[in-house]
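Data file: target_23.csv. Format and content: CSV, C-alpha atoms.
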chain,number,residue,atom,x,y,z
P,1,THR,CA,0.0,0.0,0.0
P,2,LEU,CA,1.0,3.6,-0.6
P,3,SER,CA,1.0,6.0,2.2
P,4,ASN,CA,-0.4,9.5,1.8
P,5,PRO,CA,2.6,11.8,1.5
P,6,LEU,CA,0.6,15.0,2.2
P,7,GLY,CA,-0.9,13.7,5.4
P,8,SER,CA,-4.3,15.2,4.8
P,9,GLN,CA,-7.5,13.3,4.5
P,10,SER,CA,-9.5,15.8,2.5
P,11,PHE,CA,-9.1,18.7,0.1
P,12,ALA,CA,-10.1,21.2,2.8
P,13,ASP,CA,-7.3,19.9,5.1
P,14,PHE,CA,-4.9,20.2,2.1
P,15,VAL,CA,-5.9,23.8,1.5
P,16,GLN,CA,-5.6,24.6,5.2
P,17,LYS,CA,-2.1,23.2,5.4
P,18,ILE,CA,-1.0,25.3,2.3
P,19,LEU,CA,-2.4,28.4,3.9
P,20,ALA,CA,-0.7,27.7,7.2
P,21,ALA,CA,2.6,27.3,5.4
P,22,LEU,CA,2.1,30.5,3.4
P,23,PHE,CA,1.3,32.4,6.6
P,24,THR,CA,4.4,31.0,8.3
P,25,LEU,CA,6.5,32.0,5.3
P,26,SER,CA,4.9,35.4,4.9
P,27,ILE,CA,5.8,36.7,8.4
P,28,PRO,CA,9.6,36.9,7.8
P,29,ILE,CA,9.1,38.1,4.2
P,30,VAL,CA,6.9,40.9,5.2
P,31,SER,CA,9.3,41.9,8.0
P,32,ILE,CA,12.2,42.0,5.5
P,33,MET,CA,10.2,44.0,2.9
P,34,VAL,CA,9.2,46.6,5.6
P,35,MET,CA,12.9,46.9,6.6
P,36,VAL,CA,13.9,47.3,2.9
P,37,GLY,CA,11.3,49.9,2.4
P,38,GLY,CA,12.4,51.7,5.5
P,39,TYR,CA,16.0,51.6,4.3
P,40,TYR,CA,15.0,53.2,1.0
P,41,ILE,CA,13.2,55.9,2.9
P,42,LEU,CA,16.0,56.6,5.3
P,43,THR,CA,18.7,56.7,2.6
P,44,ALA,CA,16.6,58.8,0.2
P,45,ALA,CA,18.3,62.1,1.2
P,46,GLY,CA,15.9,64.1,-0.8
P,47,ASN,CA,15.7,61.7,-3.8
P,48,GLU,CA,12.0,61.4,-4.6
P,49,GLU,CA,12.5,58.2,-6.5
P,50,ASN,CA,14.0,56.3,-3.5
P,51,LEU,CA,11.3,57.7,-1.2
P,52,LYS,CA,8.7,56.4,-3.7
P,53,LYS,CA,10.4,53.0,-3.8
P,54,GLY,CA,10.4,52.7,-0.1
P,55,ARG,CA,6.7,53.6,0.3
P,56,GLN,CA,5.8,51.2,-2.4
P,57,ALA,CA,7.8,48.4,-0.8
P,58,ILE,CA,6.0,48.9,2.5
P,59,THR,CA,2.6,49.3,0.9
P,60,TYR,CA,2.9,46.1,-1.2
P,61,ALA,CA,4.2,44.1,1.8
P,62,VAL,CA,1.2,45.2,3.9
P,63,ILE,CA,-1.2,44.5,1.1
P,64,GLY,CA,0.3,41.1,0.4
P,65,PHE,CA,0.1,40.2,4.1
P,66,ALA,CA,-3.5,41.4,4.2
P,67,VAL,CA,-4.4,39.2,1.2
P,68,ILE,CA,-2.9,36.1,3.0
P,69,LEU,CA,-4.8,36.9,6.2
P,70,LEU,CA,-8.1,37.3,4.2
P,71,ALA,CA,-7.5,34.1,2.4
P,72,ASN,CA,-7.0,32.3,5.7
P,73,GLY,CA,-10.2,33.9,7.0
P,74,VAL,CA,-12.3,33.0,4.0
P,75,VAL,CA,-11.2,29.3,4.1
P,76,SER,CA,-12.0,29.2,7.9
P,77,LEU,CA,-15.4,30.8,7.2
P,78,ILE,CA,-16.2,28.3,4.4
P,79,ARG,CA,-15.2,25.4,6.6
P,80,GLN,CA,-17.3,26.6,9.4
P,81,LEU,CA,-20.4,27.2,7.2
P,82,LEU,CA,-20.0,23.8,5.6
P,83,GLY,CA,-19.3,22.0,8.8
P,84,ILE,CA,-16.0,20.5,7.6

Go ahead and express the file in the form of structure tokens.
Amino acid sequence: TLSNPLGSQSFADFVQKILAALFTLSIPIVSIMVMVGGYYILTAAGNEENLKKGRQAITYAVIGFAVILLANGVVSLIRQLLGI
């Protein structure tokens, strides 16, 4: 017999595990991107292009993290509504 390499019994468990892994990976990535954006802002020295890059890096990091949080919430809501 073949064992299940994913360790999940249903598709819902599989999606939940993927989202948990994405959430775990996203925390250090968001932290690094916020630091990079802050670095651009601190070293701008009047350069509007670097200031803009820094703001965009921070904004995109926060938006990406919010999307991951919303995806996790939507999956949890669907699981709760369906009783899975």

**Request:** Write out as a PyMOL selection string the residues lying within 9 Å of Arg55 in chain P, counting all atoms listed in the file and excluding same-chain residues fewer than 5 positions away.
**Result:** chain P and resi 37-38+40-41+50+60

Could those residues be written to a file, using C-alpha atoms, as a compact mmCIF listing (two decimals), in the coordinates of the input?
# COMPACT_ATOMS: atom_id res chain seq x y z
CA GLY P 37 11.30 49.90 2.40
CA GLY P 38 12.40 51.70 5.50
CA TYR P 40 15.00 53.20 1.00
CA ILE P 41 13.20 55.90 2.90
CA ASN P 50 14.00 56.30 -3.50
CA TYR P 60 2.90 46.10 -1.20

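In this comparison, which uses only C-alpha atoms, the residue of P:Val30, P:Val36, P:Lys52, P:Ile78 approaching Ala66 in chain P most closely is P:Val30.
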
Near Ala12 in chain P, within 9 Å and counting only C-alpha atoms, which residues show up once chain neighbours fewer than 5 positions away are dropped, as a compact mmCIF listing (two decimals) with C-alpha atoms, keeping the file's coordinate frame?
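For reference, part_27.txt as written:
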# COMPACT_ATOMS: atom_id res chain seq x y z
CA LYS P 17 -2.10 23.20 5.40
CA VAL P 75 -11.20 29.30 4.10
CA ARG P 79 -15.20 25.40 6.60
CA ILE P 84 -16.00 20.50 7.60

**Item:** For Leu77 in chain P, the nearest of the candidates P:Gln16, P:Ala57, P:Ala44, P:Phe65, counting only C-alpha atoms
**Value:**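 Going through P:Gln16, P:Ala57, P:Ala44, P:Phe65 one by one, the smallest distance to Leu77 in chain P is for P:Gln16.
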
**Request:** Kindly give the distance, in Å, that separates CA of Asn72 in chain P and CA of Leu19 in chain P, rounded to a single decimal.
**Result:**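 Going from CA of Asn72 in chain P over to CA of Leu19 in chain P, I get 6.3 Å.
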
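Nearest-residue note for Leu6 in chain P: choosing from P:Ile58, P:Met33, P:Ile18, P:Leu70, the minimum distance belongs to P:Ile18, counting all atoms listed in the file.
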
**Request:** Give me, please, the distance in Å between CA of Gly46 in chain P and CA of Val34 in chain P, quoted to one decimal.
**Result:**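 Separation of CA of Gly46 in chain P and CA of Val34 in chain P: 19.8 Å.
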
**Request:** Check the smallest atom-to-atom distance from each of P:Glu49, P:Val74, P:Ile68, P:Thr1 to Ala21 in chain P using all atoms listed in the file, then report the winner.
**Result:**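 Closest candidate: P:Ile68.
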